[in-house]
Structure formats: structure tokens, C-alpha cells
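**Student:** My structure is stored as coords.json, with JSON, C-alpha atoms.
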[["chain", "number", "residue", "atom", "x", "y", "z"],
["G", 47, "MET", "CA", 101.45, 159.63, 267.26],
["G", 48, "THR", "CA", 103.64, 156.55, 267.61],
["G", 49, "PRO", "CA", 104.67, 155.99, 271.25],
["G", 50, "ALA", "CA", 108.35, 156.40, 272.11],
["G", 51, "GLY", "CA", 109.85, 153.29, 273.67],
["G", 52, "LEU", "CA", 108.91, 149.65, 273.77],
["G", 53, "ILE", "CA", 105.32, 148.62, 273.09],
["G", 54, "ASP", "CA", 103.89, 145.79, 275.17],
["G", 55, "ILE", "CA", 101.40, 144.31, 272.70],
["G", 56, "GLY", "CA", 99.72, 142.09, 275.32],
["G", 57, "ALA", "CA", 99.07, 142.82, 278.99],
["G", 58, "ASN", "CA", 96.02, 141.58, 280.89],
["G", 59, "LEU", "CA", 95.53, 144.74, 282.92],
["G", 60, "THR", "CA", 91.88, 143.87, 283.61],
["G", 61, "ASN", "CA", 93.10, 140.93, 285.71],
["G", 62, "LYS", "CA", 92.32, 141.17, 289.43],
["G", 63, "ALA", "CA", 96.07, 141.00, 290.10],
["G", 64, "PHE", "CA", 96.19, 144.68, 289.10],
["G", 65, "GLY", "CA", 93.02, 145.70, 290.92],
["G", 66, "ALA", "CA", 94.74, 147.52, 293.78],
["G", 67, "ASP", "CA", 97.71, 149.26, 292.15],
["G", 68, "LEU", "CA", 97.20, 149.69, 288.41],
["G", 69, "ASP", "CA", 98.35, 153.31, 288.37],
["G", 70, "ALA", "CA", 101.58, 152.37, 290.15],
["G", 71, "VAL", "CA", 102.07, 149.53, 287.65],
["G", 72, "LEU", "CA", 101.70, 151.97, 284.77],
["G", 73, "ALA", "CA", 104.10, 154.43, 286.38],
["G", 74, "ARG", "CA", 106.72, 151.69, 286.74],
["G", 75, "ALA", "CA", 106.19, 150.73, 283.11],
["G", 76, "ALA", "CA", 106.78, 154.30, 281.98],
["G", 77, "GLY", "CA", 109.91, 154.47, 284.13],
["G", 78, "ALA", "CA", 111.18, 151.28, 282.50],
["G", 79, "GLY", "CA", 110.89, 152.69, 278.99],
["G", 80, "VAL", "CA", 107.51, 151.26, 277.97],
["G", 81, "GLY", "CA", 105.86, 153.72, 275.62],
["G", 82, "GLY", "CA", 102.64, 151.83, 274.88],
["G", 83, "ILE", "CA", 100.54, 148.92, 276.14],
["G", 84, "LEU", "CA", 97.70, 147.00, 274.52],
["G", 85, "VAL", "CA", 95.21, 146.01, 277.21],
["G", 86, "THR", "CA", 93.99, 142.54, 276.26],
["G", 87, "GLY", "CA", 90.29, 141.68, 276.12],
["G", 88, "THR", "CA", 89.45, 138.01, 276.62],
["G", 89, "SER", "CA", 85.66, 138.10, 277.12],
["G", 90, "ALA", "CA", 82.84, 140.50, 276.39],
["G", 91, "ALA", "CA", 82.94, 141.91, 279.92],
["G", 92, "GLY", "CA", 86.74, 141.92, 279.99],
["G", 93, "SER", "CA", 86.91, 143.69, 276.63],
["G", 94, "ARG", "CA", 84.47, 146.32, 277.84],
["G", 95, "ARG", "CA", 86.68, 146.85, 280.90],
["G", 96, "ALA", "CA", 89.83, 147.00, 278.74],
["G", 97, "ARG", "CA", 88.35, 149.87, 276.76],
["G", 98, "GLU", "CA", 87.23, 151.59, 279.97],
["G", 99, "ILE", "CA", 90.80, 151.47, 281.30],
["G", 100, "VAL", "CA", 92.00, 153.16, 278.12],
["G", 101, "VAL", "CA", 89.31, 155.85, 278.30],
["G", 102, "GLU", "CA", 89.90, 156.49, 282.00],
["G", 103, "ARG", "CA", 93.62, 157.05, 281.38],
["G", 104, "ARG", "CA", 93.44, 158.83, 278.03],
["G", 105, "ALA", "CA", 95.43, 161.78, 279.40],
["G", 106, "LEU", "CA", 98.35, 159.55, 280.32],
["G", 107, "ALA", "CA", 101.40, 160.53, 278.24],
["G", 108, "ALA", "CA", 103.26, 157.29, 278.88],
["G", 109, "PRO", "CA", 102.58, 154.52, 278.53],
["G", 110, "ARG", "CA", 99.89, 155.20, 275.94],
["G", 111, "LEU", "CA", 97.09, 152.65, 276.34],
["G", 112, "TYR", "CA", 95.08, 150.83, 273.68],
["G", 113, "ALA", "CA", 92.57, 147.99, 273.93],
["G", 114, "THR", "CA", 91.72, 144.77, 272.16],
["G", 115, "ALA", "CA", 88.25, 143.20, 272.16],
["G", 116, "GLY", "CA", 87.70, 139.49, 271.87],
["G", 117, "ILE", "CA", 86.72, 136.15, 273.38],
["G", 118, "HIS", "CA", 89.54, 133.81, 274.33],
["G", 119, "PRO", "CA", 89.16, 130.17, 273.20],
["G", 120, "HIS", "CA", 88.93, 129.18, 276.87],
["G", 121, "GLN", "CA", 85.72, 131.25, 277.00],
["G", 122, "ALA", "CA", 84.27, 130.03, 273.70],
["G", 123, "SER", "CA", 81.49, 128.06, 275.40],
["G", 124, "SER", "CA", 80.07, 131.34, 276.72],
["G", 125, "ALA", "CA", 80.31, 133.14, 273.36],
["G", 126, "SER", "CA", 76.62, 133.88, 273.04],
["G", 127, "ARG", "CA", 75.08, 135.88, 270.21],
["G", 128, "GLU", "CA", 74.88, 138.83, 272.60],
["G", 129, "ALA", "CA", 78.55, 138.49, 273.60],
["G", 130, "LEU", "CA", 79.68, 138.44, 269.98],
["G", 131, "ALA", "CA", 77.46, 141.43, 269.23],
["G", 132, "GLU", "CA", 79.22, 143.34, 272.00],
["G", 133, "ILE", "CA", 82.63, 142.44, 270.55],
["G", 134, "ARG", "CA", 81.41, 143.68, 267.16],
["G", 135, "GLU", "CA", 80.32, 146.97, 268.71],
["G", 136, "LEU", "CA", 83.57, 147.40, 270.66],
["G", 137, "ALA", "CA", 85.62, 146.66, 267.54],
["G", 138, "ARG", "CA", 84.20, 149.84, 265.99],
["G", 139, "ARG", "CA", 85.53, 152.04, 268.80],
["G", 140, "GLU", "CA", 88.69, 154.04, 268.22],
["G", 141, "GLN", "CA", 90.30, 152.88, 271.46],
["G", 142, "VAL", "CA", 90.10, 149.24, 270.27],
["G", 143, "VAL", "CA", 92.97, 148.55, 267.87],
["G", 144, "ALA", "CA", 92.54, 144.78, 267.36],
["G", 145, "VAL", "CA", 90.00, 141.97, 267.60],
["G", 146, "GLY", "CA", 90.97, 139.23, 270.01],
["G", 147, "GLU", "CA", 92.34, 137.53, 271.97],
["G", 148, "CYS", "CA", 90.85, 134.86, 269.76],
["G", 149, "GLY", "CA", 91.98, 131.53, 268.38],
["G", 150, "LEU", "CA", 92.27, 127.88, 269.35],
["G", 151, "ASP", "CA", 93.66, 126.16, 272.44],
["G", 152, "TYR", "CA", 93.76, 122.37, 272.30],
["G", 153, "ASN", "CA", 96.20, 122.17, 275.21],
["G", 154, "ARG", "CA", 93.57, 122.58, 277.91],
["G", 155, "ASP", "CA", 90.32, 122.27, 275.96],
["G", 156, "PHE", "CA", 88.43, 124.41, 278.47],
["G", 157, "SER", "CA", 85.82, 124.78, 275.71],
["G", 158, "PRO", "CA", 84.86, 122.06, 273.20],
["G", 159, "ARG", "CA", 86.89, 122.27, 270.02],
["G", 160, "ASP", "CA", 83.91, 122.78, 267.75],
["G", 161, "ARG", "CA", 82.79, 125.73, 269.90],
["G", 162, "GLN", "CA", 86.32, 127.13, 269.79],
["G", 163, "ARG", "CA", 86.41, 126.98, 266.00],
["G", 164, "ALA", "CA", 82.99, 128.59, 265.65],
["G", 165, "CYS", "CA", 83.90, 131.39, 268.05],
["G", 166, "PHE", "CA", 87.22, 131.93, 266.28],
["G", 167, "GLU", "CA", 85.63, 132.19, 262.83],
["G", 168, "ALA", "CA", 82.96, 134.56, 264.12],
["G", 169, "GLN", "CA", 85.64, 136.92, 265.43],
["G", 170, "LEU", "CA", 87.63, 136.75, 262.20],
["G", 171, "GLU", "CA", 84.47, 137.92, 260.45],
["G", 172, "ILE", "CA", 84.11, 140.76, 262.95],
["G", 173, "ALA", "CA", 87.73, 141.78, 262.35],
["G", 174, "SER", "CA", 87.18, 141.75, 258.60],
["G", 175, "GLU", "CA", 84.10, 143.96, 258.94],
["G", 176, "ALA", "CA", 85.84, 146.38, 261.29],
["G", 177, "LYS", "CA", 89.06, 146.40, 259.22],
["G", 178, "LYS", "CA", 91.05, 145.79, 262.40],
["G", 179, "PRO", "CA", 93.92, 143.31, 262.80],
["G", 180, "VAL", "CA", 93.50, 140.18, 264.92],
["G", 181, "PHE", "CA", 95.24, 139.35, 268.19],
["G", 182, "LEU", "CA", 95.64, 135.58, 267.97],
["G", 183, "HIS", "CA", 96.06, 132.72, 270.44],
["G", 184, "GLU", "CA", 97.19, 129.23, 269.42],
["G", 185, "ARG", "CA", 98.33, 126.36, 271.58],
["G", 186, "ASP", "CA", 98.65, 122.76, 270.40],
["G", 187, "ALA", "CA", 96.26, 123.57, 267.55],
["G", 188, "ALA", "CA", 98.60, 124.72, 264.78],
["G", 189, "GLU", "CA", 97.03, 122.74, 261.92],
["G", 190, "ASP", "CA", 93.39, 123.69, 262.52],
["G", 191, "PHE", "CA", 94.41, 127.24, 263.41],
["G", 192, "ALA", "CA", 96.35, 127.72, 260.17],
["G", 193, "ARG", "CA", 93.57, 126.19, 258.05],
["G", 194, "VAL", "CA", 91.01, 128.59, 259.48],
["G", 195, "LEU", "CA", 93.31, 131.56, 258.98],
["G", 196, "GLU", "CA", 94.12, 130.56, 255.40],
["G", 197, "ARG", "CA", 90.42, 130.86, 254.52],
["G", 198, "HIS", "CA", 90.03, 134.25, 256.15],
["G", 199, "ARG", "CA", 93.43, 135.84, 255.58],
["G", 200, "PRO", "CA", 92.61, 137.61, 252.28],
["G", 201, "ARG", "CA", 89.94, 139.67, 254.08],
["G", 202, "LEU", "CA", 91.91, 140.41, 257.25],
["G", 203, "ALA", "CA", 93.80, 143.62, 257.99],
["G", 204, "GLY", "CA", 96.72, 141.63, 259.41],
["G", 205, "GLY", "CA", 97.30, 139.99, 262.74],
["G", 206, "VAL", "CA", 99.78, 138.80, 265.34],
["G", 207, "VAL", "CA", 100.22, 135.31, 266.74],
["G", 208, "HIS", "CA", 100.52, 136.40, 270.34],
["G", 209, "CYS", "CA", 102.85, 134.54, 272.73],
["G", 210, "PHE", "CA", 104.30, 132.28, 270.06],
["G", 211, "THR", "CA", 105.75, 129.11, 271.63],
["G", 212, "GLY", "CA", 105.41, 126.62, 268.77],
["G", 213, "ALA", "CA", 107.67, 124.72, 266.41],
["G", 214, "ARG", "CA", 109.58, 125.93, 263.37],
["G", 215, "ALA", "CA", 107.02, 124.54, 260.91],
["G", 216, "ALA", "CA", 104.24, 126.52, 262.58],
["G", 217, "LEU", "CA", 106.36, 129.69, 262.64],
["G", 218, "GLU", "CA", 107.13, 129.40, 258.94],
["G", 219, "ARG", "CA", 103.47, 128.81, 258.13],
["G", 220, "TYR", "CA", 102.38, 131.88, 260.09],
["G", 221, "LEU", "CA", 105.05, 134.03, 258.47],
["G", 222, "GLY", "CA", 103.85, 132.70, 255.13],
["G", 223, "LEU", "CA", 100.42, 134.09, 256.00],
["G", 224, "ASP", "CA", 102.03, 137.51, 256.50],
["G", 225, "LEU", "CA", 101.35, 137.45, 260.24],
["G", 226, "TYR", "CA", 103.38, 139.13, 262.95],
["G", 227, "ILE", "CA", 104.92, 137.10, 265.78],
["G", 228, "GLY", "CA", 104.69, 138.07, 269.46],
["G", 229, "ILE", "CA", 107.39, 136.88, 271.87],
["G", 230, "THR", "CA", 106.96, 136.85, 275.65],
["G", 231, "GLY", "CA", 109.09, 135.92, 278.66],
["G", 232, "TRP", "CA", 108.64, 132.29, 277.63],
["G", 233, "ILE", "CA", 111.97, 132.82, 275.85],
["G", 234, "CYS", "CA", 113.55, 133.34, 279.28],
["G", 235, "ASP", "CA", 112.48, 129.87, 280.47],
["G", 236, "GLU", "CA", 115.35, 127.40, 280.13],
["G", 237, "ARG", "CA", 112.93, 124.47, 280.49],
["G", 238, "ARG", "CA", 110.31, 125.32, 277.91],
["G", 239, "GLY", "CA", 111.64, 128.22, 275.89],
["G", 240, "ALA", "CA", 115.09, 127.11, 274.74],
["G", 241, "HIS", "CA", 113.88, 126.39, 271.19],
["G", 242, "LEU", "CA", 112.60, 129.98, 270.86],
["G", 243, "ARG", "CA", 116.16, 131.27, 271.20],
["G", 244, "GLN", "CA", 116.88, 129.78, 267.81],
["G", 245, "LEU", "CA", 113.51, 130.41, 266.16],
["G", 246, "VAL", "CA", 113.36, 134.10, 267.03],
["G", 247, "ARG", "CA", 116.26, 134.66, 264.64],
["G", 248, "LEU", "CA", 114.02, 133.54, 261.77],
["G", 249, "VAL", "CA", 111.43, 136.30, 262.29],
["G", 250, "PRO", "CA", 112.18, 139.12, 259.85],
["G", 251, "GLU", "CA", 112.70, 142.61, 261.15],
["G", 252, "GLY", "CA", 109.36, 144.35, 260.87],
["G", 253, "ARG", "CA", 107.35, 141.25, 261.77],
["G", 254, "LEU", "CA", 108.53, 140.79, 265.37],
["G", 255, "LEU", "CA", 106.66, 142.14, 268.40],
["G", 256, "VAL", "CA", 107.33, 141.83, 272.14],
["G", 257, "GLU", "CA", 104.97, 141.45, 275.06],
["G", 258, "THR", "CA", 104.71, 140.45, 278.71],
["G", 259, "ASP", "CA", 101.28, 138.76, 278.86],
["G", 260, "ALA", "CA", 101.24, 140.17, 282.40],
["G", 261, "PRO", "CA", 100.38, 139.09, 285.05],
["G", 262, "TYR", "CA", 101.33, 135.71, 283.55],
["G", 263, "LEU", "CA", 104.67, 134.40, 282.26],
["G", 264, "LEU", "CA", 107.01, 136.07, 284.71],
["G", 265, "PRO", "CA", 110.53, 135.58, 283.24],
["G", 266, "ARG", "CA", 112.21, 132.71, 285.08],
["G", 267, "ASP", "CA", 115.69, 134.17, 284.82],
["G", 268, "LEU", "CA", 115.07, 137.33, 286.80],
["G", 269, "ALA", "CA", 117.77, 137.98, 289.40],
["G", 270, "ARG", "CA", 115.06, 139.07, 291.84],
["G", 271, "ARG", "CA", 111.56, 137.71, 291.51],
["G", 272, "PRO", "CA", 108.77, 140.04, 292.65],
["G", 273, "ALA", "CA", 106.76, 139.06, 295.69],
["G", 274, "GLY", "CA", 103.76, 137.00, 294.64],
["G", 275, "GLY", "CA", 105.29, 136.15, 291.27],
["G", 276, "ARG", "CA", 103.26, 138.75, 289.35],
["G", 277, "ASN", "CA", 104.55, 139.80, 285.95],
["G", 278, "GLU", "CA", 103.99, 143.39, 284.86],
["G", 279, "PRO", "CA", 104.73, 145.61, 281.84],
["G", 280, "ALA", "CA", 107.81, 147.17, 283.49],
["G", 281, "LEU", "CA", 109.54, 143.83, 282.86],
["G", 282, "LEU", "CA", 109.12, 144.14, 279.09],
["G", 283, "ALA", "CA", 112.67, 145.48, 278.81],
["G", 284, "HIS", "CA", 113.96, 142.26, 280.37],
["G", 285, "VAL", "CA", 112.12, 140.22, 277.74],
["G", 286, "ALA", "CA", 113.31, 142.54, 274.98],
["G", 287, "ARG", "CA", 116.95, 142.21, 276.08],
["G", 288, "ALA", "CA", 116.68, 138.43, 275.92],
["G", 289, "VAL", "CA", 115.15, 138.58, 272.43],
["G", 290, "ALA", "CA", 117.74, 141.10, 271.25],
["G", 291, "SER", "CA", 120.58, 138.94, 272.56],
["G", 292, "CYS", "CA", 119.26, 135.89, 270.71],
["G", 293, "ARG", "CA", 119.05, 137.90, 267.48],
["G", 294, "GLY", "CA", 122.45, 139.53, 267.83],
["G", 295, "GLU", "CA", 120.91, 142.99, 268.17],
["G", 296, "THR", "CA", 121.17, 145.77, 270.72],
["G", 297, "LEU", "CA", 118.18, 146.63, 272.87],
["G", 298, "GLU", "CA", 117.98, 149.96, 271.03],
["G", 299, "GLN", "CA", 117.83, 148.25, 267.65],
["G", 300, "LEU", "CA", 115.14, 145.82, 268.81],
["G", 301, "THR", "CA", 113.12, 148.63, 270.38],
["G", 302, "ALA", "CA", 113.22, 150.64, 267.15],
["G", 303, "HIS", "CA", 111.99, 147.92, 264.84],
["G", 304, "THR", "CA", 109.44, 146.29, 267.18],
["G", 305, "THR", "CA", 107.93, 149.67, 268.01],
["G", 306, "ALA", "CA", 107.69, 150.55, 264.32],
["G", 307, "ALA", "CA", 106.13, 147.16, 263.58],
["G", 308, "ALA", "CA", 103.53, 147.52, 266.34],
["G", 309, "ALA", "CA", 102.66, 151.03, 265.18],
["G", 310, "ARG", "CA", 102.20, 149.78, 261.63],
["G", 311, "LEU", "CA", 100.07, 146.74, 262.52],
["G", 312, "PHE", "CA", 97.79, 148.45, 265.02],
["G", 313, "GLY", "CA", 97.69, 151.92, 263.47],
["G", 314, "LEU", "CA", 99.17, 153.63, 266.53]]
Please express what this file holds, its structure, as C-alpha cells.
**Tutor:**
Amino acid sequence: MTPAGLIDIGANLTNKAFGADLDAVLARAAGAGVGGILVTGTSAAGSRRAREIVVERRALAAPRLYATAGIHPHQASSASREALAEIRELARREQVVAVGECGLDYNRDFSPRDRQRACFEAQLEIASEAKKPVFLHERDAAEDFARVLERHRPRLAGGVVHCFTGARAALERYLGLDLYIGITGWICDERRGAHLRQLVRLVPEGRLLVETDAPYLLPRDLARRPAGGRNEPALLAHVARAVASCRGETLEQLTAHTTAAAARLFGL
């Protein structure tokens, strides 16, 4: 059954920032109109925990929880054969609706680029085998990222470029690969996100998704910032209003088509 309300396609609920009050966080999300949340996996252990969170709260009516399983490019150096085997096993589970977070990050280079590319390709193969879409990360690596995806795209069951912050050329290339585009509170940042206010208009209805990337990327334009600066899924409506405003849509219109798009991509 498709959740009613906004779907946060990326929230890092395994993060220690939510260790003490996750149930309260989820209750606030439900109260703010969030109908579903994808709990992001960024390592083998983190992906295992993401699925556990979903299983532990399977009776929760709202928000409905789903998991992803993957190894973030920052963690590519630790992507052992055993770690990738665990991602492959998790990808077969019904609670896991996508493979990732996977991709390339040349902004920080926390893992060597050759290791990042190898880890990325391995996870694209896992996604192809599991017939699950991919939850993708790209930062300052658009050319290599697109080249890898172009080789694998015919065998993939779709995917989303999560937290898109790039240039128009990259956006058009990703749309040309029939990928979905995820927009976060980066669009609310007048310093770094101004260009997204124009680019978000170019994403066709049915290919746009919204997310918080909580606890990261707290929207900068909040009238009242939460103590500690933690982002959480309850703030997805704030992000969605900003996106809707940039596109000339109502919040209700944006909610309807982004929820339908998320349900279609992830099989919710």
C-alpha cells in the first residue's frame, strides 16, 4: 500500500544523533505529514541496522519505514568481500527497497578513487541481480559517475541521484539516463543552493523526489533552528514547500506527484 503523505527518500536514522529519541522523531514526522521514510544504509553494519529498525517498527502505521543497503563511497576502502556479500544478502530482503547509498565522492576523497569506482560497480551488479533500484551519491565526480552508470543502466531497475546539488549539464545527463532526482534542504541554503531553485523546474513531474538526509542538511532558512542543529524527517514539509514554490506548485500538488514517483521507483 502506498503511504499517504510525503515520502522522505533519505534519512540516516541509524545515526547516533537519533539514538536516544528515535520513536519521538518518528512521531513528529507522522504529525508533520510524512507518510514514509527510507532508512539509509551506508555500510554493511549500518545497512543491517537500517533493516532492523524497519523490522522493529513494522507495526507502525505512519510513517511507514523501508531500508536501503549499501556502502557509501566514503567507506569504499572498507568494502571487503564479506561486506559486499552482506549487502548482496540484505538486498534480497523485502524490507530493503534499494541498493545504496553508493556512488562516487571526489569532494573529500575519504577513500581512494579507484576503490570508490570498484565498490560502486560491485553494488551496481548487486542491484542488477536483486532487481532493486539504486540509491546514488555523487559529489564532484559527475563525469566518472555518469560513465559508470551508462555501462550499467540497461540492467538496472532504475535509481535516484540522492541529494542532487550539481550543475545543469549533470542534471540533464542524469535525466537522460532515466534517473530520478532527489532534492534536500540544500535548496533552502542561499549560499550554496541558489542554483537549485532554477534547476528544480527542469525535473519532470514523476521524476522528482524529496528528502531530508537527516540528521544532516538542516534547512538554513528555518525561522527557529532546533537545539543542536539536528535535522529530522518532520522538516521534510519545509523542504517540500521550498521545492513547490520554486516550481510554481502547491504543496499538495508536489506531495501527490513525489509520493507517486517514490512509490513507483521503490515498489512501495
**Student:** What's the 8 Å shell around stretch 93-105 of chain G, counting all atoms listed in the file, without same-chain residues fewer than 4 positions away, as a ChimeraX atom specification?
**Tutor:** /G:59-60,85-89,110-116,133,136,141-142
**Student:** Using only C-alpha atoms - which residues lie no farther than 10 Å from the point (112.3, 134.3, 276.1) in the file's frame? Write them as a short mmCIF file (atom, residue, chain, number, x, y, z; two decimals) with C-alpha atoms, in the coordinates of the input.
**Tutor:**
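Writing done, so here's point_34.cif:
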data_model
loop_
_atom_site.label_atom_id
_atom_site.label_comp_id
_atom_site.auth_asym_id
_atom_site.auth_seq_id
_atom_site.Cartn_x
_atom_site.Cartn_y
_atom_site.Cartn_z
CA THR G 211 105.75 129.11 271.63
CA ILE G 229 107.39 136.88 271.87
CA THR G 230 106.96 136.85 275.65
CA GLY G 231 109.09 135.92 278.66
CA TRP G 232 108.64 132.29 277.63
CA ILE G 233 111.97 132.82 275.85
CA CYS G 234 113.55 133.34 279.28
CA ASP G 235 112.48 129.87 280.47
CA GLU G 236 115.35 127.40 280.13
CA ARG G 238 110.31 125.32 277.91
CA GLY G 239 111.64 128.22 275.89
CA ALA G 240 115.09 127.11 274.74
CA HIS G 241 113.88 126.39 271.19
CA LEU G 242 112.60 129.98 270.86
CA ARG G 243 116.16 131.27 271.20
CA VAL G 246 113.36 134.10 267.03
CA VAL G 256 107.33 141.83 272.14
CA LEU G 263 104.67 134.40 282.26
CA PRO G 265 110.53 135.58 283.24
CA ARG G 266 112.21 132.71 285.08
CA ASP G 267 115.69 134.17 284.82
CA HIS G 284 113.96 142.26 280.37
CA VAL G 285 112.12 140.22 277.74
CA ALA G 286 113.31 142.54 274.98
CA ARG G 287 116.95 142.21 276.08
CA ALA G 288 116.68 138.43 275.92
CA VAL G 289 115.15 138.58 272.43
CA ALA G 290 117.74 141.10 271.25
CA CYS G 292 119.26 135.89 270.71
#
**Student:** So that I can check the surroundings of G:Leu217, please list as a list in words every protein, DNA and RNA residue that reaches within 10 Å of it, counting all atoms listed in the file and ignoring chain neighbours fewer than 3 positions away.
**Tutor:**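 Contacts, in chain order: Ala188, Val207, Phe210, Thr211, Gly212, Ala213, Arg214, Tyr220, Leu221, Gly222, Leu223, Leu225, Tyr226, Ile227, Leu245, Val246, Leu248 and Val249 of chain G.
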**Student:** Which one is closest to G:Pro279: G:Pro158, G:Tyr262, G:Ala125, G:Gln244? Count only C-alpha atoms.
**Tutor:** G:Tyr262
**Student:** Please, what distance in Å, to one decimal, runs between atom CA of G:Arg134 and atom CA of G:Pro109?
**Tutor:**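 Computing the Euclidean distance for atom CA of G:Arg134 and atom CA of G:Pro109 yields 26.4 Å.
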**Student:** Could you list, as a list in words, every residue within 7 Å of stretch 160-177 of chain G, counting only C-alpha atoms and ignoring same-chain residues fewer than 2 positions away?
**Tutor:** Pro119, Ala122, Ser123, Ala125, Arg134, Ala137, Arg138, Val145, Cys148, Gly149, Leu150, Ser157, Pro158, Pro179, Val180, His198, Arg201, Leu202 and Ala203 of chain G
**Student:** What's around G:Ala50 at 12 Å? Count only C-alpha atoms, leave out sequence neighbours fewer than 6 positions away in its own chain, and write the answer as a PyMOL selection string.
**Tutor:** chain G and resi 76+78-83+107-110+298+301-306+308-309+314
**Student:** Looking at only C-alpha atoms, which of G:Glu189, G:Gly77, G:His118, G:Leu130 is the one that sits closest to G:Phe156?
**Tutor:**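 When distances to G:Phe156 are compared using only C-alpha atoms, the smallest one comes from G:His118.
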**Student:** Between atom CA of G:Cys209 and atom CA of G:Asn153, measure the distance and give it in Å to one decimal.
**Tutor:**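 Separation of atom CA of G:Cys209 and atom CA of G:Asn153: 14.3 Å.
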**Student:** One decimal, in Å: what's the spacing between atom CA of G:Gly146 and atom CA of G:Asp190?
**Tutor:** 17.4 Å
**Student:** Give, as AutoDock Vina command-line options, the centre coordinates and the x, y and z edge lengths in Å to one decimal for an axis-aligned box around all listed atoms of stretch 76-87 of chain G, padded by 8 Å on each side.
**Tutor:**
--center_x 100.7 --center_y 148.1 --center_z 279.3 --size_x 36.9 --size_y 28.8 --size_z 25.6
**Student:** Between G:Pro261, G:Arg253, G:Val194, G:Gly294, which residue has the minimum interatomic distance to G:Ala307, considering all atoms listed in the file?
**Tutor:**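 Closest to G:Ala307 of all the choices is G:Arg253.
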**Student:** Here is a test: counting only C-alpha atoms, which residue of G:Ala66, G:Leu311, G:Ala91, G:Ala215 is nearest to G:Ala144?
**Tutor:**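 Of G:Ala66, G:Leu311, G:Ala91, G:Ala215, the one nearest G:Ala144 is G:Leu311, counting only C-alpha atoms.
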**Student:** Nearest residue to G:Ile55 out of G:Glu251, G:Glu147, G:Asp186, G:Glu128, using all atoms listed in the file?
**Tutor:**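 Ranked by minimum distance to G:Ile55, first place goes to G:Glu147.
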